[in-house]
Every structure is written in C-alpha cells, then in structure tokens.
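The file coords_21.txt comes next; it holds compact mmCIF, C-alpha atoms.
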```
# COMPACT_ATOMS: atom_id res chain seq x y z
CA MET O 1 92.05 2.32 84.27
CA SER O 2 95.74 3.15 84.64
CA ILE O 3 97.06 6.63 83.99
CA ALA O 4 100.56 6.86 82.50
CA ALA O 5 102.41 10.14 82.67
CA SER O 6 105.88 11.38 83.41
CA PHE O 7 106.89 14.72 84.84
CA GLU O 8 110.09 16.70 84.96
CA ALA O 9 110.33 19.64 87.35
CA GLY O 10 112.31 22.58 86.04
CA SER O 11 112.40 26.24 85.23
CA LEU O 12 113.02 28.53 82.28
CA GLY O 13 116.46 30.11 82.00
CA ARG O 14 118.45 32.13 79.49
CA ILE O 15 116.91 33.32 76.27
CA ALA O 16 118.67 32.61 72.96
CA VAL O 17 118.23 35.21 70.22
CA VAL O 18 118.90 33.26 67.03
CA ARG O 19 119.04 33.87 63.30
CA ILE O 20 119.41 31.12 60.70
CA ARG O 21 120.68 32.17 57.26
CA PRO O 22 119.33 30.98 53.87
CA ASN O 23 119.54 27.40 52.59
CA GLU O 24 120.19 25.93 56.06
CA ASP O 25 117.75 23.18 57.04
CA LEU O 26 115.34 24.32 59.77
CA VAL O 27 115.57 21.30 62.06
CA THR O 28 119.27 20.49 61.74
CA ALA O 29 120.25 24.17 62.01
CA VAL O 30 118.32 24.55 65.27
CA GLU O 31 120.05 21.43 66.59
CA ALA O 32 123.44 22.72 65.42
CA VAL O 33 123.07 26.15 67.03
CA CYS O 34 122.08 24.47 70.31
CA ARG O 35 125.10 22.16 70.11
CA GLU O 36 127.47 25.04 69.28
CA HIS O 37 126.25 27.11 72.26
CA ARG O 38 125.76 24.26 74.73
CA LEU O 39 122.02 24.74 74.97
CA ALA O 40 120.88 21.31 76.14
CA HIS O 41 117.12 21.71 76.49
CA ALA O 42 114.96 24.53 75.16
CA ILE O 43 111.50 25.51 74.05
CA VAL O 44 110.49 27.73 71.14
CA ARG O 45 109.14 31.09 72.33
CA SER O 46 108.66 32.78 68.95
CA ALA O 47 109.79 32.41 65.35
CA VAL O 48 109.24 34.34 62.13
CA GLY O 49 110.71 33.28 58.81
CA SER O 50 110.35 31.61 55.46
CA LEU O 51 111.28 28.38 53.65
CA VAL O 52 112.34 27.62 50.07
CA ASP O 53 110.08 24.52 50.03
CA ALA O 54 108.53 22.64 52.94
CA VAL O 55 108.03 19.02 53.93
CA LEU O 56 105.72 18.35 56.87
CA GLU O 57 105.01 15.04 58.57
CA VAL O 58 101.36 14.44 59.40
CA GLY O 59 100.74 11.05 60.96
CA ASP O 60 102.32 8.56 58.55
CA ARG O 61 101.95 10.93 55.59
CA THR O 62 104.18 13.69 54.34
CA LEU O 63 103.01 16.96 52.83
CA GLU O 64 105.33 18.47 50.25
CA VAL O 65 104.69 22.15 49.65
CA ALA O 66 106.50 23.97 46.85
CA GLY O 67 107.87 27.48 47.29
CA PRO O 68 109.83 29.61 47.21
CA GLY O 69 108.84 32.06 49.88
CA ILE O 70 106.76 29.76 52.08
CA GLU O 71 105.92 31.71 55.22
CA ILE O 72 106.36 30.05 58.61
CA LEU O 73 103.22 31.28 60.38
CA THR O 74 103.66 29.67 63.78
CA LEU O 75 106.38 27.48 65.25
CA ALA O 76 106.23 25.45 68.43
CA GLY O 77 108.37 22.70 69.81
CA GLU O 78 111.37 21.87 71.91
CA VAL O 79 114.97 20.77 71.85
CA ARG O 80 116.04 17.89 74.07
CA SER O 81 119.53 16.50 74.45
CA ASP O 82 120.22 12.82 74.93
CA LYS O 83 122.56 11.34 77.55
CA LEU O 84 125.53 12.08 75.31
CA GLY O 85 124.50 15.72 75.05
CA VAL O 86 123.34 15.54 71.45
CA PRO O 87 120.40 17.93 70.92
CA GLU O 88 117.36 16.81 68.96
CA ALA O 89 114.66 19.27 67.84
CA ASP O 90 110.98 18.45 67.48
CA LEU O 91 109.46 21.40 65.61
CA ARG O 92 105.83 21.72 64.59
CA GLY O 93 103.87 24.54 63.11
CA THR O 94 101.84 26.09 60.36
CA ILE O 95 102.94 27.47 56.99
CA ALA O 96 101.37 29.28 54.03
CA ASP O 97 102.41 28.89 50.41
CA GLY O 98 102.29 31.55 47.69
CA LYS O 99 98.64 30.75 46.98
CA ALA O 100 97.79 31.45 50.63
CA GLN O 101 97.09 27.77 51.29
CA VAL O 102 97.76 26.92 54.94
CA TYR O 103 99.31 23.63 56.03
CA GLY O 104 100.38 22.25 59.40
CA GLY O 105 102.50 19.44 60.72
CA ARG O 106 105.92 18.41 62.02
CA PHE O 107 108.90 19.77 60.09
CA ARG O 108 110.86 16.90 58.54
CA ARG O 109 114.56 16.87 59.30
CA GLY O 110 116.72 17.79 56.29
CA ALA O 111 113.84 18.92 54.08
CA ASN O 112 113.00 22.50 55.05
CA PRO O 113 115.62 24.97 53.74
CA ILE O 114 115.37 28.53 55.01
CA CYS O 115 114.51 30.96 52.19
CA ILE O 116 115.36 34.49 53.42
CA THR O 117 115.76 34.17 57.18
CA LEU O 118 114.53 32.59 60.37
CA GLU O 119 114.28 34.82 63.43
CA LEU O 120 113.98 32.50 66.40
CA VAL O 121 113.77 32.92 70.16
CA LEU O 122 114.49 29.85 72.26
CA GLN O 123 114.35 29.69 76.04
CA GLU O 124 116.50 27.30 78.00
CA TRP O 125 114.67 24.62 80.01
CA LEU O 126 116.58 23.80 83.19
CA PRO O 127 115.53 20.55 84.83
CA ALA O 128 115.61 20.85 88.63
CA ALA O 129 118.59 19.22 90.33
CA GLY O 130 117.99 15.52 90.63
CA ALA O 131 114.76 15.88 88.71
CA SER O 132 115.12 12.88 86.53
CA ARG O 133 111.73 12.07 85.21
CA GLU O 134 109.18 11.11 87.83
CA THR O 135 106.52 8.68 86.78
CA MET W 1 116.43 19.63 49.52
CA ARG W 2 116.37 22.48 47.01
CA THR W 3 118.49 25.50 47.78
CA LEU W 4 118.46 28.86 46.02
CA THR W 5 121.29 31.08 44.88
CA GLN W 6 120.97 34.34 46.78
CA PRO W 7 121.90 37.66 45.14
CA GLY W 8 124.88 38.17 47.46
CA ALA W 9 127.73 35.98 48.61
CA PRO W 10 126.99 33.63 51.53
CA LEU W 11 127.80 35.22 54.89
CA GLN W 12 129.31 33.47 57.88
CA PRO W 13 128.47 32.18 60.38
CA ARG W 14 125.35 30.47 59.01
CA ARG W 15 123.77 30.39 62.47
CA LEU W 16 123.89 33.38 64.82
CA LEU W 17 123.10 33.36 68.54
CA GLU W 18 123.26 35.97 71.25
CA TRP W 19 122.21 35.35 74.86
CA ALA W 20 119.50 37.48 76.45
CA ALA W 21 118.87 37.51 80.18
CA PRO W 22 115.95 35.61 81.73
CA ALA W 23 112.95 37.93 81.88
CA THR W 24 109.49 38.20 83.32
CA ASP W 25 106.88 37.86 80.59
CA LEU W 26 104.13 40.42 80.12
CA ARG W 27 100.57 39.42 79.23
CA LEU W 28 98.71 42.27 77.60
CA CYS W 29 95.16 42.81 76.38
CA LEU W 30 94.43 45.23 73.55
CA ALA W 31 91.01 46.84 73.22
CA GLY W 32 89.14 46.62 69.95
CA GLY W 33 89.01 49.44 67.42
CA GLN W 34 92.77 49.73 66.94
CA ASP W 35 95.35 48.14 64.67
CA LEU W 36 96.83 44.93 66.05
CA LEU W 37 100.51 45.57 65.30
CA CYS W 38 100.49 49.33 65.90
CA GLY W 39 98.58 48.75 69.13
CA LEU W 40 101.05 46.15 70.34
CA VAL W 41 104.06 48.31 69.48
CA ALA W 42 102.55 51.35 71.22
CA ALA W 43 101.46 49.41 74.31
CA LEU W 44 104.87 47.77 74.73
CA ALA W 45 106.64 51.10 74.16
CA GLU W 46 104.62 52.58 77.02
CA ARG W 47 106.17 49.91 79.25
CA GLY W 48 109.61 50.83 77.90
CA LEU W 49 109.87 47.72 75.76
CA ARG W 50 111.45 48.01 72.32
CA HIS W 51 112.79 44.45 72.07
CA ALA W 52 110.64 41.36 72.63
CA ALA W 53 109.48 37.99 71.39
CA VAL W 54 105.71 38.08 71.03
CA GLN W 55 103.01 35.44 70.81
CA VAL W 56 99.55 36.67 69.96
CA ILE W 57 97.31 34.32 71.89
CA ALA W 58 93.95 35.58 70.68
CA ALA W 59 92.52 38.29 68.46
CA GLU W 60 89.15 39.11 66.98
CA ILE W 61 89.53 41.00 63.73
CA ALA W 62 87.06 43.25 61.89
CA ARG W 63 89.08 43.59 58.66
CA MET W 64 92.60 42.64 57.71
CA ALA W 65 95.18 42.10 55.02
CA TYR W 66 97.98 39.58 54.83
CA LEU W 67 100.84 38.90 52.43
CA THR W 68 102.28 35.63 51.18
CA GLY W 69 105.57 34.91 49.46
CA ALA W 70 106.31 34.85 45.75
CA GLU W 71 109.26 34.69 43.43
CA ASP W 72 110.75 38.12 42.80
CA PRO W 73 110.26 38.81 39.06
CA SER W 74 112.99 41.47 39.16
CA GLY W 75 115.56 38.90 40.23
CA ALA W 76 116.92 41.30 42.84
CA ARG W 77 115.97 38.83 45.58
CA VAL W 78 114.99 35.16 45.60
CA ALA W 79 111.54 35.90 47.06
CA THR W 80 109.28 38.83 47.75
CA TYR W 81 105.70 39.42 48.85
CA GLY W 82 102.74 39.12 46.52
CA PRO W 83 99.77 41.53 46.58
CA PRO W 84 97.76 41.70 49.82
CA THR W 85 94.76 39.44 50.42
CA TRP W 86 91.97 41.30 52.22
CA LEU W 87 89.54 39.56 54.57
CA ASP W 88 86.32 41.01 55.95
CA GLY W 89 85.44 40.04 59.48
CA PRO W 90 84.65 38.42 61.63
CA VAL W 91 88.13 36.87 61.38
CA THR W 92 89.45 34.77 64.26
CA LEU W 93 93.19 34.70 64.87
CA ILE W 94 94.31 31.27 66.06
CA GLY W 95 98.06 31.83 66.33
CA ALA W 96 100.77 34.38 65.60
CA ASN W 97 104.47 34.77 66.31
CA GLY W 98 106.24 38.10 66.30
CA ILE W 99 109.62 39.72 66.84
CA LEU W 100 109.79 43.33 68.08
CA GLY W 101 112.88 45.41 67.48
CA PRO W 102 114.15 48.56 65.79
CA GLY W 103 113.47 48.47 62.06
CA PRO W 104 115.67 49.79 59.24
CA ASP W 105 114.69 53.40 60.01
CA GLY W 106 115.14 52.97 63.76
CA ASP W 107 111.40 52.98 64.50
CA SER W 108 109.99 49.97 66.34
CA LEU W 109 108.95 47.17 64.01
CA LEU W 110 106.89 44.12 64.93
CA HIS W 111 107.61 41.42 62.34
CA CYS W 112 104.60 39.15 62.67
CA HIS W 113 103.17 36.15 60.87
CA ALA W 114 99.71 34.83 61.74
CA VAL W 115 97.24 32.07 60.98
CA VAL W 116 93.57 33.06 60.99
CA VAL W 117 90.13 31.65 60.14
CA ASP W 118 87.71 33.70 58.05
CA ALA W 119 83.97 34.07 58.54
CA ALA W 120 83.33 31.03 56.32
CA GLY W 121 85.71 28.83 58.30
CA ARG W 122 88.59 28.91 55.81
CA LEU W 123 92.18 29.03 57.03
CA HIS W 124 94.47 31.84 55.90
CA GLY W 125 97.88 32.99 56.93
CA GLY W 126 100.83 35.14 56.12
CA HIS W 127 102.83 38.24 56.96
CA LEU W 128 100.82 40.99 58.65
CA PRO W 129 101.44 44.49 57.27
CA PRO W 130 101.44 47.14 60.03
CA GLY W 131 98.27 49.25 59.95
CA ASP W 132 96.14 46.71 58.08
CA VAL W 133 94.70 44.52 60.89
CA LEU W 134 91.75 46.29 62.55
CA LEU W 135 90.68 44.66 65.81
CA ALA W 136 86.99 44.01 66.42
CA SER W 137 85.37 44.67 69.79
CA GLY W 138 86.83 41.45 71.23
CA GLY W 139 90.36 42.90 70.98
CA ALA W 140 93.49 40.81 71.37
CA VAL W 141 95.62 39.06 73.98
CA ALA W 142 99.38 38.67 73.62
CA LEU W 143 102.33 37.41 75.61
CA ALA W 144 105.55 39.39 75.31
CA THR W 145 108.95 38.09 76.38
CA PRO W 146 111.25 41.09 76.91
CA LEU W 147 114.70 40.70 75.33
CA ARG W 148 117.39 42.27 77.48
CA GLU W 149 121.19 42.30 76.99
CA ALA W 150 120.67 40.92 73.47
CA ALA W 151 117.85 41.27 70.95
CA PHE W 152 117.01 41.69 67.28
CA ALA W 153 117.69 44.88 65.32
CA ALA W 154 117.29 45.37 61.57
CA ALA W 155 120.40 45.73 59.43
CA TYR W 156 121.05 45.41 55.72
CA ASP W 157 121.89 41.83 54.75
CA SER W 158 124.01 41.72 51.60
CA GLU W 159 123.40 38.00 51.04
CA THR W 160 119.62 38.32 50.63
CA ASN W 161 119.54 42.03 49.63
CA TYR W 162 117.00 42.73 52.40
CA PRO W 163 117.17 44.64 55.67
CA LEU W 164 116.67 41.82 58.22
CA PHE W 165 116.50 41.38 61.97
CA GLN W 166 119.91 40.29 63.25
CA PRO W 167 120.81 39.19 66.79
CA GLN W 168 122.80 41.94 68.49
CA ARG W 169 124.26 42.65 71.92
CA LEU W 170 122.51 45.59 73.56
CA THR W 171 124.57 48.26 75.22
CA ALA W 172 123.34 49.26 78.67
```

Would you give me this structure, written as structure tokens?
Amino acid sequence: MSIAASFEAGSLGRIAVVRIRPNEDLVTAVEAVCREHRLAHAIVRSAVGSLVDAVLEVGDRTLEVAGPGIEILTLAGEVRSDKLGVPEADLRGTIADGKAQVYGGRFRRGANPICITLELVLQEWLPAAGASRET
Amino acid sequence: MRTLTQPGAPLQPRRLLEWAAPATDLRLCLAGGQDLLCGLVAALAERGLRHAAVQVIAAEIARMAYLTGAEDPSGARVATYGPPTWLDGPVTLIGANGILGPGPDGDSLLHCHAVVVDAAGRLHGGHLPPGDVLLASGGAVALATPLREAAFAAAYDSETNYPLFQPQRLTA
C-alpha cells in the first residue's frame, strides 16, 4: 500500500485583526483583505459574525439557508496564495438559522453576504525558507 | 446574493485590518460550577489579558441558553436576536469561537458563538449570553490567542445601528 502525503514546514507569524462590513461576501472579502494587506498564507484562528443568507457546499450538493441573521457558529479554514500571489480562501464551518437549525459545510464563494458584521482573526502562515512542498 | 439595506449609510472601508504581534497562546481549563463566559473573562483578566481570540475546545454544560437571529420588527436594525432557547444538561459543546475585548461600557466582553449537542443528540447553536451557560463538573478547555498592539474594541457603528467590535491599534 502506498501512502501519499505532502508536507510544508513553516511557522505562524503576525496576527490580522479583521472586520468585514455588511453585504460583503464572506469568501471574496477574506481574499480581498488578504490581497490588500499582502497576507499570502493564513489560517483562521477565530471568527464571530452573521450572514444575510447562507449557501454551503456539502459534497456535490449545496445547502441554501434563508436568513436574515444567520449566525456563524464556528469558522475554520485557510488562505493560500498561488504563484502569482492571488489569495484563495477555503472556509468551512457551522451556522444556525433563526429556527435554531444547525448546518455545516464549505462556504460557497459569492453567496454568503455578511449581515451585521464578521469579526475575524487570521494568523499568517510562513513557509520555511526553501520549504517547497516535500512529498 | 441578497443584500440588505442597513439603517445607516455604508461606511468605508468595507474591510478593516490591523496587525497584532505574534503571541504565545494560552490553554486554560475552567472548573465546573461556574459560567462559561464569565469564567473565561475572569480567568484571562487574572493573566492580564483583555484582548484575545478564543476557541473553546471542550465544555460540559449543566444548563444553558443561546440566541439565534431574527428580523428586527422595529426596523431599527436589519436583524436582532430572538428569545433565548434553554437547554437542560447534559449538553456537550463541540465548538465555539470567541472574541474578547472591551465592550460598549468598557467592561470586558467575550462575544461567543457555539455549536452544542443536547442530551437527546440534537444539534443546537447560536450566540451565548454571558451568565447563562453553567458548566457541569467536567468544566471547559479553551485556547486563547492574546491580541497585542492591535485588537477589537466595541464602538457604535452608525451603518448597522449597533455597538460592534472594531479593529483598533492599542496604545502601549
């Protein structure tokens, strides 16, 4: 049996204290704030906020959850930049709607507008020098 | 993507970021018999921490309330909280994110949302009101990331008509 894995050595660096205002899309706003502040790679350390409506990807399905005032309960994920320095966010988490139904999945790009606010703490991931991915 | 008209004019910039210094995280365990949020705020204050990002890793809960969002019938804001939902224990917390900073009155506020499982195995989740999450004997474990040089502090936000945590530079 072969084992396939890749590793990247690195360390955690600066901490970004972020707020996203209403009606901005969760995923594209996180990517934009990283691009604007030259934050190439990062992980989510904590996030508290709400969405107008939510669309989550679960396998090959999508879950559409109607708001407003959908609570983001937990948020995890990372931002990675490609060779051209363009950041891409992969954000996953759990939400609750106004009927206290809980859903989970990957937040679809362009479909999750912030309702009141998103308070977000990202921490920079600094790959070690020359630490292109080992396999 | 549906957007909502907020009560106040849109403020700029739409995305705010302040840089905090790298920090050493603190893992803390809370004993049972106390309130989760009040216990976390008091324990972190004892270590001199008033600004942090918090993940609650584990908690066993004897009784708790949570709030979920709703349209604001008054129209003063686009959304508000509905009435609390109370759960009797044992309730198992399976994840929670929080932001600690000075609230509108200057007292420390831990803004925290959590997902939990009730005694019958049903999932619940929402905003945790301070003082309404009583820990069972198993207590809680959390990881706090101190925010230094920059952090969140509550200030009135005219766009949403709420006091909200805003990124701010901290003076030494």

Please find the residues of chain O near chain W - the criterion being any atom within 8 Å, counting all atoms listed in the file - and write them as an mmCIF file with C-alpha atoms, keeping the file's coordinate frame.
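What follows is the written file result_38.cif:
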```cif
data_model
loop_
_atom_site.group_PDB
_atom_site.id
_atom_site.type_symbol
_atom_site.label_atom_id
_atom_site.label_comp_id
_atom_site.auth_asym_id
_atom_site.auth_seq_id
_atom_site.Cartn_x
_atom_site.Cartn_y
_atom_site.Cartn_z
ATOM 1 C CA LEU O 12 113.020 28.530 82.280
ATOM 2 C CA GLY O 13 116.460 30.110 82.000
ATOM 3 C CA ARG O 14 118.450 32.130 79.490
ATOM 4 C CA ILE O 15 116.910 33.320 76.270
ATOM 5 C CA ALA O 16 118.670 32.610 72.960
ATOM 6 C CA VAL O 17 118.230 35.210 70.220
ATOM 7 C CA VAL O 18 118.900 33.260 67.030
ATOM 8 C CA ARG O 19 119.040 33.870 63.300
ATOM 9 C CA ILE O 20 119.410 31.120 60.700
ATOM 10 C CA ARG O 21 120.680 32.170 57.260
ATOM 11 C CA PRO O 22 119.330 30.980 53.870
ATOM 12 C CA ASN O 23 119.540 27.400 52.590
ATOM 13 C CA GLU O 24 120.190 25.930 56.060
ATOM 14 C CA ALA O 29 120.250 24.170 62.010
ATOM 15 C CA VAL O 33 123.070 26.150 67.030
ATOM 16 C CA HIS O 37 126.250 27.110 72.260
ATOM 17 C CA ARG O 45 109.140 31.090 72.330
ATOM 18 C CA SER O 46 108.660 32.780 68.950
ATOM 19 C CA ALA O 47 109.790 32.410 65.350
ATOM 20 C CA VAL O 48 109.240 34.340 62.130
ATOM 21 C CA VAL O 52 112.340 27.620 50.070
ATOM 22 C CA ASP O 53 110.080 24.520 50.030
ATOM 23 C CA GLY O 67 107.870 27.480 47.290
ATOM 24 C CA PRO O 68 109.830 29.610 47.210
ATOM 25 C CA GLY O 69 108.840 32.060 49.880
ATOM 26 C CA ILE O 70 106.760 29.760 52.080
ATOM 27 C CA GLU O 71 105.920 31.710 55.220
ATOM 28 C CA ILE O 72 106.360 30.050 58.610
ATOM 29 C CA LEU O 73 103.220 31.280 60.380
ATOM 30 C CA THR O 74 103.660 29.670 63.780
ATOM 31 C CA LEU O 75 106.380 27.480 65.250
ATOM 32 C CA THR O 94 101.840 26.090 60.360
ATOM 33 C CA ILE O 95 102.940 27.470 56.990
ATOM 34 C CA ALA O 96 101.370 29.280 54.030
ATOM 35 C CA ASP O 97 102.410 28.890 50.410
ATOM 36 C CA GLY O 98 102.290 31.550 47.690
ATOM 37 C CA LYS O 99 98.640 30.750 46.980
ATOM 38 C CA ALA O 100 97.790 31.450 50.630
ATOM 39 C CA GLN O 101 97.090 27.770 51.290
ATOM 40 C CA VAL O 102 97.760 26.920 54.940
ATOM 41 C CA GLY O 110 116.720 17.790 56.290
ATOM 42 C CA ALA O 111 113.840 18.920 54.080
ATOM 43 C CA ASN O 112 113.000 22.500 55.050
ATOM 44 C CA PRO O 113 115.620 24.970 53.740
ATOM 45 C CA CYS O 115 114.510 30.960 52.190
ATOM 46 C CA ILE O 116 115.360 34.490 53.420
ATOM 47 C CA THR O 117 115.760 34.170 57.180
ATOM 48 C CA GLU O 119 114.280 34.820 63.430
ATOM 49 C CA VAL O 121 113.770 32.920 70.160
#
```

Provide the CA of Ser158 (chain W) to CA of Pro7 (chain W) distance in Å, to one decimal place.
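Distance between the two atoms: 7.9 Å.
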
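Picture a line from CA of Ala119 (chain W) to CA of Gly104 (chain O); it runs 20.2 Å.
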
Long-range neighbours of region 30-44 of chain W as a PyMOL selection string, 10 Å cut-off, all atoms listed in the file, 2 positions minimum in chain
chain W and resi 26+28+46-52+54+56+59-64+98+100-101+108-112+128-142+144+146

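CA of Lys83 (chain O) sits 23.2 Å away from CA of Leu26 (chain O).
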
For region 20-52 of chain O, supply N, CA and C atoms and format the output as a PDB file, keeping the file's coordinate frame.
```pdb
ATOM      1  N   ILE O  20     118.899  32.137  61.618  1.00  0.00           N
ATOM      2  CA  ILE O  20     119.410  31.120  60.700  1.00  0.00           C
ATOM      3  C   ILE O  20     119.408  31.714  59.300  1.00  0.00           C
ATOM      4  N   ARG O  21     120.540  31.585  58.603  1.00  0.00           N
ATOM      5  CA  ARG O  21     120.680  32.170  57.260  1.00  0.00           C
ATOM      6  C   ARG O  21     120.090  31.243  56.185  1.00  0.00           C
ATOM      7  N   PRO O  22     120.000  31.747  54.942  1.00  0.00           N
ATOM      8  CA  PRO O  22     119.330  30.980  53.870  1.00  0.00           C
ATOM      9  C   PRO O  22     119.993  29.633  53.577  1.00  0.00           C
ATOM     10  N   ASN O  23     119.150  28.727  53.095  1.00  0.00           N
ATOM     11  CA  ASN O  23     119.540  27.400  52.590  1.00  0.00           C
ATOM     12  C   ASN O  23     119.982  26.429  53.689  1.00  0.00           C
ATOM     13  N   GLU O  24     119.940  26.858  54.948  1.00  0.00           N
ATOM     14  CA  GLU O  24     120.190  25.930  56.060  1.00  0.00           C
ATOM     15  C   GLU O  24     118.878  25.205  56.363  1.00  0.00           C
ATOM     16  N   ASP O  25     118.968  23.929  56.692  1.00  0.00           N
ATOM     17  CA  ASP O  25     117.750  23.180  57.040  1.00  0.00           C
ATOM     18  C   ASP O  25     117.250  23.594  58.426  1.00  0.00           C
ATOM     19  N   LEU O  26     115.947  23.832  58.515  1.00  0.00           N
ATOM     20  CA  LEU O  26     115.340  24.320  59.770  1.00  0.00           C
ATOM     21  C   LEU O  26     115.711  23.445  60.961  1.00  0.00           C
ATOM     22  N   VAL O  27     115.422  22.162  60.882  1.00  0.00           N
ATOM     23  CA  VAL O  27     115.570  21.300  62.060  1.00  0.00           C
ATOM     24  C   VAL O  27     117.048  21.093  62.413  1.00  0.00           C
ATOM     25  N   THR O  28     117.868  20.768  61.425  1.00  0.00           N
ATOM     26  CA  THR O  28     119.270  20.490  61.740  1.00  0.00           C
ATOM     27  C   THR O  28     120.014  21.770  62.135  1.00  0.00           C
ATOM     28  N   ALA O  29     119.593  22.918  61.615  1.00  0.00           N
ATOM     29  CA  ALA O  29     120.250  24.170  62.010  1.00  0.00           C
ATOM     30  C   ALA O  29     119.908  24.525  63.461  1.00  0.00           C
ATOM     31  N   VAL O  30     118.675  24.289  63.874  1.00  0.00           N
ATOM     32  CA  VAL O  30     118.320  24.550  65.270  1.00  0.00           C
ATOM     33  C   VAL O  30     119.125  23.621  66.185  1.00  0.00           C
ATOM     34  N   GLU O  31     119.246  22.359  65.792  1.00  0.00           N
ATOM     35  CA  GLU O  31     120.050  21.430  66.590  1.00  0.00           C
ATOM     36  C   GLU O  31     121.517  21.871  66.629  1.00  0.00           C
ATOM     37  N   ALA O  32     122.029  22.322  65.487  1.00  0.00           N
ATOM     38  CA  ALA O  32     123.440  22.720  65.420  1.00  0.00           C
ATOM     39  C   ALA O  32     123.712  23.945  66.281  1.00  0.00           C
ATOM     40  N   VAL O  33     122.825  24.929  66.242  1.00  0.00           N
ATOM     41  CA  VAL O  33     123.070  26.150  67.030  1.00  0.00           C
ATOM     42  C   VAL O  33     122.992  25.822  68.520  1.00  0.00           C
ATOM     43  N   CYS O  34     122.141  24.889  68.903  1.00  0.00           N
ATOM     44  CA  CYS O  34     122.080  24.470  70.310  1.00  0.00           C
ATOM     45  C   CYS O  34     123.367  23.749  70.709  1.00  0.00           C
ATOM     46  N   ARG O  35     123.867  22.899  69.814  1.00  0.00           N
ATOM     47  CA  ARG O  35     125.100  22.160  70.110  1.00  0.00           C
ATOM     48  C   ARG O  35     126.270  23.137  70.233  1.00  0.00           C
ATOM     49  N   GLU O  36     126.343  24.092  69.307  1.00  0.00           N
ATOM     50  CA  GLU O  36     127.470  25.040  69.280  1.00  0.00           C
ATOM     51  C   GLU O  36     127.492  25.931  70.525  1.00  0.00           C
ATOM     52  N   HIS O  37     126.330  26.196  71.109  1.00  0.00           N
ATOM     53  CA  HIS O  37     126.250  27.110  72.260  1.00  0.00           C
ATOM     54  C   HIS O  37     125.865  26.400  73.538  1.00  0.00           C
ATOM     55  N   ARG O  38     125.990  25.078  73.525  1.00  0.00           N
ATOM     56  CA  ARG O  38     125.760  24.260  74.730  1.00  0.00           C
ATOM     57  C   ARG O  38     124.394  24.526  75.354  1.00  0.00           C
ATOM     58  N   LEU O  39     123.405  24.587  74.510  1.00  0.00           N
ATOM     59  CA  LEU O  39     122.020  24.740  74.970  1.00  0.00           C
ATOM     60  C   LEU O  39     121.396  23.341  74.920  1.00  0.00           C
ATOM     61  N   ALA O  40     121.250  22.734  76.089  1.00  0.00           N
ATOM     62  CA  ALA O  40     120.880  21.310  76.140  1.00  0.00           C
ATOM     63  C   ALA O  40     119.388  21.103  75.887  1.00  0.00           C
ATOM     64  N   HIS O  41     118.571  21.861  76.614  1.00  0.00           N
ATOM     65  CA  HIS O  41     117.120  21.710  76.490  1.00  0.00           C
ATOM     66  C   HIS O  41     116.527  23.104  76.301  1.00  0.00           C
ATOM     67  N   ALA O  42     115.547  23.211  75.425  1.00  0.00           N
ATOM     68  CA  ALA O  42     114.960  24.530  75.160  1.00  0.00           C
ATOM     69  C   ALA O  42     113.572  24.375  74.587  1.00  0.00           C
ATOM     70  N   ILE O  43     112.795  25.448  74.706  1.00  0.00           N
ATOM     71  CA  ILE O  43     111.500  25.510  74.050  1.00  0.00           C
ATOM     72  C   ILE O  43     111.474  26.709  73.101  1.00  0.00           C
ATOM     73  N   VAL O  44     110.648  26.624  72.080  1.00  0.00           N
ATOM     74  CA  VAL O  44     110.490  27.730  71.140  1.00  0.00           C
ATOM     75  C   VAL O  44     109.553  28.759  71.768  1.00  0.00           C
ATOM     76  N   ARG O  45     109.999  30.015  71.818  1.00  0.00           N
ATOM     77  CA  ARG O  45     109.140  31.090  72.330  1.00  0.00           C
ATOM     78  C   ARG O  45     108.518  31.901  71.202  1.00  0.00           C
ATOM     79  N   SER O  46     109.224  32.066  70.096  1.00  0.00           N
ATOM     80  CA  SER O  46     108.660  32.780  68.950  1.00  0.00           C
ATOM     81  C   SER O  46     109.569  32.541  67.751  1.00  0.00           C
ATOM     82  N   ALA O  47     108.988  32.576  66.566  1.00  0.00           N
ATOM     83  CA  ALA O  47     109.790  32.410  65.350  1.00  0.00           C
ATOM     84  C   ALA O  47     109.048  33.032  64.184  1.00  0.00           C
ATOM     85  N   VAL O  48     109.797  33.744  63.344  1.00  0.00           N
ATOM     86  CA  VAL O  48     109.240  34.340  62.130  1.00  0.00           C
ATOM     87  C   VAL O  48     110.246  34.082  61.018  1.00  0.00           C
ATOM     88  N   GLY O  49     109.771  33.540  59.888  1.00  0.00           N
ATOM     89  CA  GLY O  49     110.710  33.280  58.810  1.00  0.00           C
ATOM     90  C   GLY O  49     110.039  32.667  57.606  1.00  0.00           C
ATOM     91  N   SER O  50     110.886  32.178  56.692  1.00  0.00           N
ATOM     92  CA  SER O  50     110.350  31.610  55.460  1.00  0.00           C
ATOM     93  C   SER O  50     111.217  30.441  55.011  1.00  0.00           C
ATOM     94  N   LEU O  51     110.622  29.581  54.160  1.00  0.00           N
ATOM     95  CA  LEU O  51     111.280  28.380  53.650  1.00  0.00           C
ATOM     96  C   LEU O  51     111.290  28.407  52.125  1.00  0.00           C
ATOM     97  N   VAL O  52     112.315  27.788  51.528  1.00  0.00           N
ATOM     98  CA  VAL O  52     112.340  27.620  50.070  1.00  0.00           C
ATOM     99  C   VAL O  52     111.178  26.715  49.660  1.00  0.00           C
TER     100      VAL O  52
END
```
